[in-house]
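J.: PDB, C-alpha atoms, pLDDT in the B column, file my_file_34.pdb:
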```
ATOM      1  CA  MET A   3      13.300 -10.146 -20.769  1.00 86.00           C
ATOM      2  CA  ILE A   4      12.457  -6.426 -20.550  1.00 94.00           C
ATOM      3  CA  ALA A   5      11.303  -6.592 -16.935  1.00 94.00           C
ATOM      4  CA  SER A   6      14.370  -8.504 -15.756  1.00 94.00           C
ATOM      5  CA  GLY A   7      16.676  -6.183 -17.709  1.00 95.00           C
ATOM      6  CA  VAL A   8      15.075  -3.092 -16.205  1.00 97.00           C
ATOM      7  CA  ALA A   9      15.200  -4.627 -12.717  1.00 96.00           C
ATOM      8  CA  GLY A  10      18.898  -5.364 -13.079  1.00 96.00           C
ATOM      9  CA  HIS A  11      19.673  -1.825 -14.198  1.00 97.00           C
ATOM     10  CA  ALA A  12      17.569  -0.444 -11.338  1.00 97.00           C
ATOM     11  CA  LEU A  13      19.382  -2.519  -8.707  1.00 97.00           C
ATOM     12  CA  ALA A  14      22.734  -1.368 -10.070  1.00 96.00           C
ATOM     13  CA  ARG A  15      21.694   2.210  -9.329  1.00 96.00           C
ATOM     14  CA  LEU A  16      20.880   1.607  -5.664  1.00 96.00           C
ATOM     15  CA  PRO A  17      23.236   2.647  -2.884  1.00 92.00           C
ATOM     16  CA  LYS A  18      24.742  -0.254  -0.951  1.00 91.00           C
ATOM     17  CA  THR A  19      22.834   0.825   2.146  1.00 93.00           C
ATOM     18  CA  ILE A  20      19.558  -0.424   0.644  1.00 95.00           C
ATOM     19  CA  PRO A  21      19.244  -4.212   1.124  1.00 93.00           C
ATOM     20  CA  ALA A  22      17.304  -5.038  -2.045  1.00 96.00           C
ATOM     21  CA  TYR A  23      17.670  -8.407  -3.718  1.00 95.00           C
ATOM     22  CA  ALA A  24      16.509  -9.905  -7.002  1.00 95.00           C
ATOM     23  CA  ILE A  25      15.526 -13.513  -7.476  1.00 96.00           C
ATOM     24  CA  PRO A  26      15.736 -15.221 -10.880  1.00 95.00           C
ATOM     25  CA  PRO A  27      12.853 -14.051 -13.066  1.00 95.00           C
ATOM     26  CA  ILE A  28       9.899 -16.247 -13.919  1.00 95.00           C
ATOM     27  CA  THR A  29      10.578 -16.575 -17.632  1.00 93.00           C
ATOM     28  CA  TYR A  30       7.306 -18.300 -18.516  1.00 94.00           C
ATOM     29  CA  GLY A  31       3.930 -16.656 -18.087  1.00 96.00           C
ATOM     30  CA  LYS A  32       0.293 -16.828 -19.063  1.00 97.00           C
ATOM     31  CA  SER A  33       0.688 -16.233 -22.791  1.00 96.00           C
ATOM     32  CA  ASP A  34      -2.248 -18.125 -24.249  1.00 96.00           C
ATOM     33  CA  GLU A  35      -3.318 -15.067 -26.261  1.00 96.00           C
ATOM     34  CA  HIS A  36      -0.388 -15.945 -28.549  1.00 96.00           C
ATOM     35  CA  LEU A  37      -1.174 -19.657 -28.987  1.00 94.00           C
ATOM     36  CA  ASN A  38      -1.890 -19.201 -32.700  1.00 93.00           C
ATOM     37  CA  PHE A  39       1.800 -18.496 -33.262  1.00 94.00           C
ATOM     38  CA  PRO A  40       4.535 -21.158 -33.483  1.00 92.00           C
ATOM     39  CA  ARG A  41       6.849 -21.765 -30.520  1.00 92.00           C
ATOM     40  CA  THR A  42       4.555 -20.066 -28.016  1.00 94.00           C
ATOM     41  CA  LEU A  43       5.222 -21.432 -24.522  1.00 96.00           C
ATOM     42  CA  THR A  44       2.617 -20.692 -21.886  1.00 97.00           C
ATOM     43  CA  LEU A  45       1.440 -21.553 -18.403  1.00 97.00           C
ATOM     44  CA  THR A  46      -2.188 -21.679 -17.394  1.00 97.00           C
ATOM     45  CA  GLY A  47      -3.427 -18.979 -15.068  1.00 97.00           C
ATOM     46  CA  ASP A  48      -3.774 -21.551 -12.274  1.00 97.00           C
ATOM     47  CA  THR A  49      -0.180 -22.724 -12.685  1.00 98.00           C
ATOM     48  CA  LEU A  50       1.202 -19.190 -12.723  1.00 98.00           C
ATOM     49  CA  LEU A  51      -0.885 -18.224  -9.687  1.00 97.00           C
ATOM     50  CA  GLN A  52       0.346 -21.186  -7.662  1.00 97.00           C
ATOM     51  CA  THR A  53       3.936 -20.613  -8.801  1.00 97.00           C
ATOM     52  CA  VAL A  54       3.896 -16.996  -7.626  1.00 97.00           C
ATOM     53  CA  LEU A  55       2.243 -17.963  -4.333  1.00 95.00           C
ATOM     54  CA  GLU A  56       4.812 -20.691  -3.629  1.00 96.00           C
ATOM     55  CA  ILE A  57       7.691 -18.311  -4.362  1.00 97.00           C
ATOM     56  CA  ALA A  58       6.141 -15.601  -2.190  1.00 96.00           C
ATOM     57  CA  GLU A  59       5.588 -18.069   0.650  1.00 93.00           C
ATOM     58  CA  SER A  60       9.207 -19.205   0.383  1.00 94.00           C
ATOM     59  CA  LEU A  61      10.421 -15.616   0.601  1.00 95.00           C
ATOM     60  CA  TYR A  62       8.169 -14.913   3.569  1.00 92.00           C
ATOM     61  CA  ARG A  63       9.406 -18.056   5.326  1.00 92.00           C
ATOM     62  CA  ALA A  64      12.953 -16.793   4.773  1.00 93.00           C
ATOM     63  CA  GLY A  65      12.120 -13.560   6.577  1.00 92.00           C
ATOM     64  CA  PHE A  66      11.279 -11.179   3.704  1.00 94.00           C
ATOM     65  CA  CYS A  67       8.163  -9.070   4.280  1.00 93.00           C
ATOM     66  CA  LYS A  68       8.302  -6.869   1.171  1.00 96.00           C
ATOM     67  CA  LEU A  69       8.021  -8.208  -2.369  1.00 97.00           C
ATOM     68  CA  LEU A  70       7.933  -6.128  -5.554  1.00 98.00           C
ATOM     69  CA  MET A  71       6.908  -7.943  -8.735  1.00 98.00           C
ATOM     70  CA  ILE A  72       7.918  -6.098 -11.930  1.00 98.00           C
ATOM     71  CA  ASN A  73       5.740  -7.538 -14.661  1.00 97.00           C
ATOM     72  CA  GLY A  74       6.700  -7.344 -18.316  1.00 96.00           C
ATOM     73  CA  HIS A  75       3.809  -9.243 -19.911  1.00 96.00           C
ATOM     74  CA  GLY A  76       0.316  -7.848 -20.484  1.00 94.00           C
ATOM     75  CA  GLY A  77      -1.390 -11.235 -20.418  1.00 94.00           C
ATOM     76  CA  GLN A  78      -1.060 -11.801 -16.674  1.00 97.00           C
ATOM     77  CA  PRO A  79      -1.404  -8.724 -14.428  1.00 97.00           C
ATOM     78  CA  GLN A  80      -4.701  -9.995 -13.037  1.00 97.00           C
ATOM     79  CA  VAL A  81      -3.052 -13.250 -11.929  1.00 98.00           C
ATOM     80  CA  LEU A  82      -0.277 -11.345 -10.142  1.00 98.00           C
ATOM     81  CA  GLN A  83      -2.845  -9.093  -8.469  1.00 98.00           C
ATOM     82  CA  MET A  84      -4.722 -12.169  -7.245  1.00 97.00           C
ATOM     83  CA  ALA A  85      -1.502 -13.616  -5.832  1.00 96.00           C
ATOM     84  CA  ALA A  86      -0.684 -10.350  -4.083  1.00 96.00           C
ATOM     85  CA  ARG A  87      -4.143 -10.186  -2.492  1.00 93.00           C
ATOM     86  CA  GLU A  88      -3.903 -13.817  -1.403  1.00 91.00           C
ATOM     87  CA  MET A  89      -0.566 -13.188   0.309  1.00 92.00           C
ATOM     88  CA  ARG A  90      -1.965 -10.104   2.021  1.00 90.00           C
ATOM     89  CA  LEU A  91      -4.818 -12.199   3.395  1.00 87.00           C
ATOM     90  CA  ARG A  92      -2.398 -14.857   4.596  1.00 87.00           C
ATOM     91  CA  HIS A  93       0.198 -12.549   6.169  1.00 88.00           C
ATOM     92  CA  GLY A  94      -0.736  -9.267   7.778  1.00 85.00           C
ATOM     93  CA  ASP A  95       2.839  -8.026   7.937  1.00 88.00           C
ATOM     94  CA  MET A  96       3.655  -8.572   4.261  1.00 90.00           C
ATOM     95  CA  ILE A  97       3.685  -5.845   1.611  1.00 93.00           C
ATOM     96  CA  ILE A  98       3.495  -7.276  -1.908  1.00 95.00           C
ATOM     97  CA  ILE A  99       3.286  -4.986  -4.929  1.00 97.00           C
ATOM     98  CA  PRO A 100       2.580  -6.174  -8.491  1.00 98.00           C
ATOM     99  CA  HIS A 101       3.298  -3.496 -11.094  1.00 98.00           C
ATOM    100  CA  ASP A 102       3.899  -3.199 -14.827  1.00 98.00           C
ATOM    101  CA  VAL A 103       7.441  -2.395 -15.948  1.00 98.00           C
ATOM    102  CA  PHE A 104       6.384   0.542 -18.154  1.00 97.00           C
ATOM    103  CA  LEU A 105       3.894   2.092 -15.701  1.00 97.00           C
ATOM    104  CA  VAL A 106       6.451   4.330 -14.001  1.00 98.00           C
ATOM    105  CA  PRO A 107       7.741   7.689 -15.285  1.00 98.00           C
ATOM    106  CA  ASN A 108       9.856   7.207 -18.405  1.00 98.00           C
ATOM    107  CA  VAL A 109      10.652   8.943 -21.686  1.00 98.00           C
ATOM    108  CA  GLU A 110       9.041   6.520 -24.152  1.00 97.00           C
ATOM    109  CA  ASN A 111       6.300   8.890 -25.319  1.00 97.00           C
ATOM    110  CA  GLN A 112       8.784  11.320 -26.815  1.00 97.00           C
ATOM    111  CA  PHE A 113       9.643   8.644 -29.393  1.00 98.00           C
ATOM    112  CA  LEU A 114       6.138   7.315 -30.098  1.00 97.00           C
ATOM    113  CA  SER A 115       3.504   8.336 -32.596  1.00 95.00           C
ATOM    114  CA  ALA A 116       0.086   9.267 -31.250  1.00 95.00           C
ATOM    115  CA  GLN A 117      -1.275   6.002 -32.638  1.00 95.00           C
ATOM    116  CA  ASP A 118       1.354   3.903 -30.893  1.00 95.00           C
ATOM    117  CA  GLN A 119       0.703   5.686 -27.602  1.00 94.00           C
ATOM    118  CA  LYS A 120      -2.993   4.946 -27.961  1.00 94.00           C
ATOM    119  CA  MET A 121      -3.073   1.470 -29.479  1.00 95.00           C
ATOM    120  CA  ALA A 122       0.232  -0.431 -29.136  1.00 95.00           C
ATOM    121  CA  MET A 123       0.075  -3.520 -26.923  1.00 94.00           C
ATOM    122  CA  HIS A 124       2.676  -6.043 -28.079  1.00 94.00           C
ATOM    123  CA  ALA A 125       6.036  -5.772 -29.869  1.00 95.00           C
ATOM    124  CA  GLY A 126       5.441  -2.110 -30.700  1.00 96.00           C
ATOM    125  CA  HIS A 127       7.895   0.776 -30.813  1.00 97.00           C
ATOM    126  CA  SER A 128       8.818   0.931 -27.099  1.00 97.00           C
ATOM    127  CA  GLU A 129       9.287  -2.792 -26.514  1.00 97.00           C
ATOM    128  CA  THR A 130      11.307  -3.185 -29.711  1.00 98.00           C
ATOM    129  CA  ALA A 131      13.549  -0.233 -28.852  1.00 98.00           C
ATOM    130  CA  VAL A 132      14.279  -1.600 -25.370  1.00 98.00           C
ATOM    131  CA  MET A 133      14.998  -5.051 -26.820  1.00 98.00           C
ATOM    132  CA  LEU A 134      17.433  -3.433 -29.252  1.00 98.00           C
ATOM    133  CA  ALA A 135      19.205  -1.945 -26.227  1.00 98.00           C
ATOM    134  CA  LEU A 136      19.193  -5.172 -24.203  1.00 97.00           C
ATOM    135  CA  THR A 137      19.624  -7.968 -26.764  1.00 97.00           C
ATOM    136  CA  PRO A 138      19.980  -6.591 -30.295  1.00 97.00           C
ATOM    137  CA  GLU A 139      20.863 -10.038 -31.658  1.00 97.00           C
ATOM    138  CA  CYS A 140      17.265 -11.125 -30.924  1.00 95.00           C
ATOM    139  CA  VAL A 141      15.671  -8.338 -32.981  1.00 97.00           C
ATOM    140  CA  HIS A 142      15.228  -8.617 -36.749  1.00 96.00           C
ATOM    141  CA  LEU A 143      14.030  -5.208 -37.877  1.00 96.00           C
ATOM    142  CA  ASP A 144      14.101  -6.305 -41.511  1.00 95.00           C
ATOM    143  CA  GLN A 145      11.038  -8.408 -40.663  1.00 94.00           C
ATOM    144  CA  ALA A 146       9.248  -5.696 -38.656  1.00 96.00           C
ATOM    145  CA  VAL A 147       5.742  -4.708 -39.685  1.00 97.00           C
ATOM    146  CA  ALA A 148       3.169  -2.330 -38.266  1.00 97.00           C
ATOM    147  CA  SER A 149      -0.170  -3.748 -37.192  1.00 96.00           C
ATOM    148  CA  TYR A 150      -2.889  -2.168 -35.081  1.00 95.00           C
ATOM    149  CA  PRO A 151      -6.288  -3.378 -33.887  1.00 93.00           C
ATOM    150  CA  PRO A 152      -9.317  -1.472 -35.112  1.00 91.00           C
ATOM    151  CA  GLU A 153     -10.623   1.038 -32.603  1.00 89.00           C
ATOM    152  CA  PHE A 154     -13.171  -0.578 -30.331  1.00 93.00           C
ATOM    153  CA  PRO A 155     -16.704   0.137 -31.642  1.00 94.00           C
ATOM    154  CA  CYS A 156     -18.066   0.949 -28.183  1.00 96.00           C
ATOM    155  CA  PRO A 157     -16.658   4.384 -27.299  1.00 94.00           C
ATOM    156  CA  THR A 158     -18.434   4.374 -23.936  1.00 97.00           C
ATOM    157  CA  LEU A 159     -16.101   1.590 -22.804  1.00 97.00           C
ATOM    158  CA  SER A 160     -12.974   2.387 -24.832  1.00 95.00           C
ATOM    159  CA  SER A 161     -11.839   5.060 -27.251  1.00 89.00           C
ATOM    160  CA  GLY A 162      -8.866   2.954 -28.350  1.00 89.00           C
ATOM    161  CA  ARG A 163      -7.607  -0.416 -27.143  1.00 92.00           C
ATOM    162  CA  PRO A 164     -10.185  -3.222 -27.157  1.00 95.00           C
ATOM    163  CA  ALA A 165     -12.341  -3.563 -24.076  1.00 95.00           C
ATOM    164  CA  ALA A 166     -13.312  -7.096 -25.130  1.00 96.00           C
ATOM    165  CA  ALA A 167     -11.122 -10.149 -24.639  1.00 95.00           C
ATOM    166  CA  TRP A 168      -8.805 -10.695 -27.593  1.00 95.00           C
ATOM    167  CA  ALA A 169      -6.133 -12.971 -28.970  1.00 95.00           C
ATOM    168  CA  ALA A 170      -3.141 -11.588 -30.844  1.00 95.00           C
ATOM    169  CA  TYR A 171      -4.212 -13.328 -34.049  1.00 94.00           C
ATOM    170  CA  ASP A 172      -7.406 -11.244 -34.062  1.00 95.00           C
ATOM    171  CA  PHE A 173      -5.288  -8.342 -35.302  1.00 95.00           C
ATOM    172  CA  GLY A 174      -3.320 -10.001 -38.076  1.00 93.00           C
ATOM    173  CA  PRO A 175      -0.823 -12.775 -38.775  1.00 94.00           C
ATOM    174  CA  SER A 176       2.328 -11.001 -37.554  1.00 94.00           C
ATOM    175  CA  GLY A 177       1.658 -11.006 -33.796  1.00 93.00           C
ATOM    176  CA  VAL A 178       2.673  -7.329 -33.707  1.00 96.00           C
ATOM    177  CA  ILE A 179       0.254  -4.876 -32.110  1.00 96.00           C
ATOM    178  CA  GLY A 180       1.889  -1.515 -32.700  1.00 97.00           C
ATOM    179  CA  ASP A 181       4.615  -0.178 -34.999  1.00 97.00           C
ATOM    180  CA  PRO A 182       8.179  -1.342 -34.319  1.00 98.00           C
ATOM    181  CA  THR A 183       9.597  -0.208 -37.661  1.00 97.00           C
ATOM    182  CA  ALA A 184      11.131   3.087 -36.464  1.00 96.00           C
ATOM    183  CA  ALA A 185      12.597   1.774 -33.199  1.00 98.00           C
ATOM    184  CA  THR A 186      16.326   2.308 -32.559  1.00 98.00           C
ATOM    185  CA  ALA A 187      18.809   1.115 -29.981  1.00 98.00           C
ATOM    186  CA  GLU A 188      19.523   4.728 -28.976  1.00 98.00           C
ATOM    187  CA  GLN A 189      15.852   5.221 -28.134  1.00 98.00           C
ATOM    188  CA  GLY A 190      15.886   1.944 -26.262  1.00 98.00           C
ATOM    189  CA  HIS A 191      18.846   3.001 -24.112  1.00 98.00           C
ATOM    190  CA  ALA A 192      17.085   6.275 -23.251  1.00 98.00           C
ATOM    191  CA  ILE A 193      13.867   4.462 -22.296  1.00 98.00           C
ATOM    192  CA  LEU A 194      15.794   1.818 -20.345  1.00 98.00           C
ATOM    193  CA  ASP A 195      17.754   4.457 -18.444  1.00 98.00           C
ATOM    194  CA  SER A 196      14.597   6.360 -17.477  1.00 98.00           C
ATOM    195  CA  LEU A 197      12.802   3.163 -16.427  1.00 98.00           C
ATOM    196  CA  ALA A 198      15.769   2.072 -14.305  1.00 98.00           C
ATOM    197  CA  ALA A 199      15.889   5.459 -12.584  1.00 98.00           C
ATOM    198  CA  SER A 200      12.183   5.318 -11.723  1.00 98.00           C
ATOM    199  CA  TRP A 201      12.356   1.736 -10.487  1.00 98.00           C
ATOM    200  CA  ALA A 202      15.410   2.512  -8.358  1.00 98.00           C
ATOM    201  CA  GLN A 203      13.420   5.349  -6.804  1.00 98.00           C
ATOM    202  CA  ALA A 204      10.443   3.052  -6.238  1.00 98.00           C
ATOM    203  CA  ILE A 205      12.629   0.404  -4.564  1.00 98.00           C
ATOM    204  CA  THR A 206      14.130   3.093  -2.317  1.00 97.00           C
ATOM    205  CA  GLU A 207      10.659   4.270  -1.298  1.00 97.00           C
ATOM    206  CA  ILE A 208       9.461   0.712  -0.646  1.00 96.00           C
ATOM    207  CA  HIS A 209      12.525   0.039   1.503  1.00 95.00           C
ATOM    208  CA  GLN A 210      11.709   3.072   3.637  1.00 94.00           C
ATOM    209  CA  MET A 211       7.959   2.550   3.887  1.00 91.00           C
ATOM    210  CA  SER A 212       5.864   0.948   6.582  1.00 87.00           C
ATOM    211  CA  TRP A 213       2.263   0.265   5.702  1.00 83.00           C
ATOM    212  CA  GLN A 214      -0.715  -1.134   7.577  1.00 85.00           C
ATOM    213  CA  VAL A 215       0.840  -3.918   9.631  1.00 83.00           C
ATOM    214  CA  ARG A 216      -1.946  -6.057  11.083  1.00 77.00           C
ATOM    215  CA  SER A 217      -1.616  -7.450  14.584  1.00 70.00           C
ATOM    216  CA  GLU A 218      -3.400 -10.795  14.128  1.00 65.00           C
ATOM    217  CA  PRO A 219      -1.308 -13.914  13.489  1.00 59.00           C
ATOM    218  CA  THR A 220      -0.844 -15.466  10.092  1.00 67.00           C
ATOM    219  CA  TRP A 221      -4.037 -16.992   8.762  1.00 65.00           C
ATOM    220  CA  GLY A 222      -2.468 -20.012   7.144  1.00 60.00           C
ATOM    221  CA  LYS A 223      -3.713 -21.121   3.730  1.00 59.00           C
ATOM    222  CA  GLN A 224      -7.485 -21.015   4.131  1.00 57.00           C
ATOM    223  CA  HIS A 225      -9.585 -17.864   4.057  1.00 55.00           C
ATOM    224  CA  TRP A 226     -12.107 -19.439   6.417  1.00 52.00           C
ATOM    225  CA  SER A 227      -9.783 -19.534   9.441  1.00 56.00           C
ATOM    226  CA  GLY A 228      -8.080 -16.815  11.432  1.00 57.00           C
ATOM    227  CA  PHE A 229      -9.121 -13.367  12.532  1.00 59.00           C
ATOM    228  CA  VAL A 230     -12.716 -12.319  11.805  1.00 62.00           C
ATOM    229  CA  GLN A 231     -13.792  -8.778  12.589  1.00 64.00           C
ATOM    230  CA  THR A 232     -17.023  -8.774  14.587  1.00 70.00           C
ATOM    231  CA  GLY A 233     -17.604  -5.077  15.050  1.00 72.00           C
ATOM    232  CA  PHE A 234     -16.671  -1.738  13.608  1.00 70.00           C
ATOM    233  CA  THR A 235     -16.551   1.661  15.241  1.00 70.00           C
ATOM    234  CA  PRO A 236     -16.393   4.373  12.602  1.00 69.00           C
ATOM    235  CA  PRO A 237     -14.044   7.286  13.214  1.00 66.00           C
ATOM    236  CA  PRO A 238     -15.611  10.581  14.297  1.00 66.00           C
ATOM    237  CA  SER A 239     -17.081  12.364  11.310  1.00 60.00           C
ATOM    238  CA  SER A 240     -16.025  15.912  10.615  1.00 51.00           C
ATOM    239  CA  LEU A 241     -19.480  16.533   9.184  1.00 52.00           C
ATOM    240  CA  ALA A 242     -21.138  15.376  12.421  1.00 49.00           C
ATOM    241  CA  SER A 243     -19.108  17.850  14.468  1.00 48.00           C
ATOM    242  CA  GLU A 244     -20.259  20.657  12.246  1.00 48.00           C
TER     243      GLU A 244
END
```
Show the structure stored in the file as structure tokens.

T.:
Amino acid sequence: MIASGVAGHALARLPKTIPAYAIPPITYGKSDEHLNFPRTLTLTGDTLLQTVLEIAESLYRAGFCKLLMINGHGGQPQVLQMAAREMRLRHGDMIIIPHDVFLVPNVENQFLSAQDQKMAMHAGHSETAVMLALTPECVHLDQAVASYPPEFPCPTLSSGRPAAAWAAYDFGPSGVIGDPTAATAEQGHAILDSLAASWAQAITEIHQMSWQVRSEPTWGKQHWSGFVQTGFTPPPSSLASE
């Protein structure tokens, strides 16, 4: 919901000279970390991977060589990265970028406590505020609670969020990982506006960019066929010339 809402606001900001298009969002994802909670709908990682690959192949077949995936769910970035790499191996003239909706410049931190900035992962202050801006009828703040995971007891690997695999139920029965209780629609509109501005800028830059187009033909669907590099000539070293 958040990712598609941000994408829509970003596209509305673009000048008409930029031919950017949105396809309907994939509204189901790999959400098995929430299986302890009622009404959780999830895909397996394999199903999501194949779904993204089939969509990307369809877009490529239609003539699109740039695909930006704005991800709004923390349970699946690795799957989207795998799909992007697979498409890059298949098609040397395709640029495919998977990226998290909040990982662009935005104003969320000015509304968040230090603890939320460090530990929130699901249904915290930022996500709740943006949902209040997008679909306030879906948010019931009277039921909001704060819940954080304990700091990970291996500071070499993490000084905050768990470095180990986790399920949402590990951190309490609410499903919340953060503190949504102080979120407001006004904050959500400010965060949404800043996210949309950054994503509009990113789309503009992607439209203008050219990046590492390979000359070999499409590999097809197997990694074991197609172009294989048999030699490598390193570029002249600046150190060698000294």

J.: Considering all atoms listed in the file, can you say which of A:Thr183, A:Ser128, A:Gln83, A:Thr158 comes closest to Leu197 (chain A)?

T.: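 Checking each candidate against Leu197 (chain A), we get A:Ser128 as the closest.
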
J.: Between A:Gln119, A:Ser6, A:Ser149, A:Ser200, which is the closest to Pro175 (chain A) once you count all atoms listed in the file?

T.: A:Ser149

J.: For the structure provided, state which residues fall under the PyMOL selection byres ((chain A and resi 13-28) around 12), and present them as JSON, numbers by chain.

T.: {"A": [3, 4, 5, 6, 7, 8, 9, 10, 11, 12, 29, 30, 31, 32, 44, 45, 50, 51, 53, 54, 57, 58, 60, 61, 66, 67, 68, 69, 70, 71, 72, 73, 74, 75, 82, 195, 196, 197, 198, 199, 200, 201, 202, 203, 204, 205, 206, 207, 208, 209, 210]}

J.: Just to confirm, what's the straight-line distance from CA of Val132 (chain A) to CA of Ala187 (chain A) in Å (one decimal)?

T.: 7.0 Å

J.: Running the PyMOL selection byres ((chain A and resi 36-39) around 10) on this model by hand, what would come out? Give it as an MDAnalysis selection string.

T.: chainID A and resid 32:35 40:44 77 168:172 175:177

J.: Would you export the selected residues with C-alpha atoms as a PDB file, in the coordinates of the input, please?

T.:
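Dumped to out_31.pdb:
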```
ATOM      1  CA  LYS A  32       0.293 -16.828 -19.063  1.00 97.00           C
ATOM      2  CA  SER A  33       0.688 -16.233 -22.791  1.00 96.00           C
ATOM      3  CA  ASP A  34      -2.248 -18.125 -24.249  1.00 96.00           C
ATOM      4  CA  GLU A  35      -3.318 -15.067 -26.261  1.00 96.00           C
ATOM      5  CA  PRO A  40       4.535 -21.158 -33.483  1.00 92.00           C
ATOM      6  CA  ARG A  41       6.849 -21.765 -30.520  1.00 92.00           C
ATOM      7  CA  THR A  42       4.555 -20.066 -28.016  1.00 94.00           C
ATOM      8  CA  LEU A  43       5.222 -21.432 -24.522  1.00 96.00           C
ATOM      9  CA  THR A  44       2.617 -20.692 -21.886  1.00 97.00           C
ATOM     10  CA  GLY A  77      -1.390 -11.235 -20.418  1.00 94.00           C
ATOM     11  CA  TRP A 168      -8.805 -10.695 -27.593  1.00 95.00           C
ATOM     12  CA  ALA A 169      -6.133 -12.971 -28.970  1.00 95.00           C
ATOM     13  CA  ALA A 170      -3.141 -11.588 -30.844  1.00 95.00           C
ATOM     14  CA  TYR A 171      -4.212 -13.328 -34.049  1.00 94.00           C
ATOM     15  CA  ASP A 172      -7.406 -11.244 -34.062  1.00 95.00           C
ATOM     16  CA  PRO A 175      -0.823 -12.775 -38.775  1.00 94.00           C
ATOM     17  CA  SER A 176       2.328 -11.001 -37.554  1.00 94.00           C
ATOM     18  CA  GLY A 177       1.658 -11.006 -33.796  1.00 93.00           C
TER      19      GLY A 177
END
```

J.: Rank nothing, just name the residue among A:Gln214, A:Pro182, A:Thr235, A:Leu159 nearest to Ile97 (chain A), using all atoms listed in the file.

T.: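 With all atoms listed in the file as the atom set, the closest residue is A:Gln214.
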
J.: With all atoms listed in the file as the counted atoms, please give the residues lying no more than 10 Å from Leu143 (chain A), apart from itself and same-chain residues fewer than 5 positions off, as an mmCIF file with C-alpha atoms, in the frame of the given file.

T.:
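As a result, selection-v3.cif now contains:
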```
data_model
loop_
_atom_site.group_PDB
_atom_site.id
_atom_site.type_symbol
_atom_site.label_atom_id
_atom_site.label_comp_id
_atom_site.auth_asym_id
_atom_site.auth_seq_id
_atom_site.Cartn_x
_atom_site.Cartn_y
_atom_site.Cartn_z
ATOM 1 C CA THR A 130 11.307 -3.185 -29.711
ATOM 2 C CA LEU A 134 17.433 -3.433 -29.252
ATOM 3 C CA PRO A 138 19.980 -6.591 -30.295
ATOM 4 C CA PRO A 182 8.179 -1.342 -34.319
ATOM 5 C CA THR A 183 9.597 -0.208 -37.661
ATOM 6 C CA ALA A 184 11.131 3.087 -36.464
ATOM 7 C CA ALA A 185 12.597 1.774 -33.199
ATOM 8 C CA THR A 186 16.326 2.308 -32.559
#
```

J.: Could you tell me how far CA of Gln78 (chain A) sits from CA of Ile99 (chain A), in Å to one decimal place?

T.: 14.3 Å

J.: In Å, rounded to a single decimal, give me how far CA of Val81 (chain A) is from CA of Met121 (chain A).

T.: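 Going from CA of Met121 (chain A) over to CA of Val81 (chain A) covers 22.9 Å.
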
J.: Measuring atom to atom with all atoms listed in the file, identify which of A:Ala135, A:Ile179, A:Leu91, A:Leu105 is nearest to Met123 (chain A).

T.: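 Of A:Ala135, A:Ile179, A:Leu91, A:Leu105, the one nearest Met123 (chain A), counting all atoms listed in the file, is A:Ile179.
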
J.: If I wrap all listed atoms of region 28-46 of chain A in a box with edges along x, y and z and add 3 Å on each side, what are its centre and edge lengths in Å to one decimal, as AutoDock Vina command-line options?

T.:
```
--center_x 3.6 --center_y -18.4 --center_z -23.7 --size_x 19.9 --size_y 12.7 --size_z 25.6
```

J.: With only C-alpha atoms as the atoms that count, which of A:Val103, A:Arg90, A:Thr232, A:Ala125 lies nearest to His142 (chain A)?

T.: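 Once distances to His142 (chain A) are computed over only C-alpha atoms, the minimum belongs to A:Ala125.
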
J.: For each of A:Cys156, A:Val141, A:Ala146, A:Leu194, take the minimum atom-to-atom distance to Asn108 (chain A), counting only C-alpha atoms, then give the residue where this is smallest.

T.: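 Among the listed residues, A:Leu194 lies closest to Asn108 (chain A).
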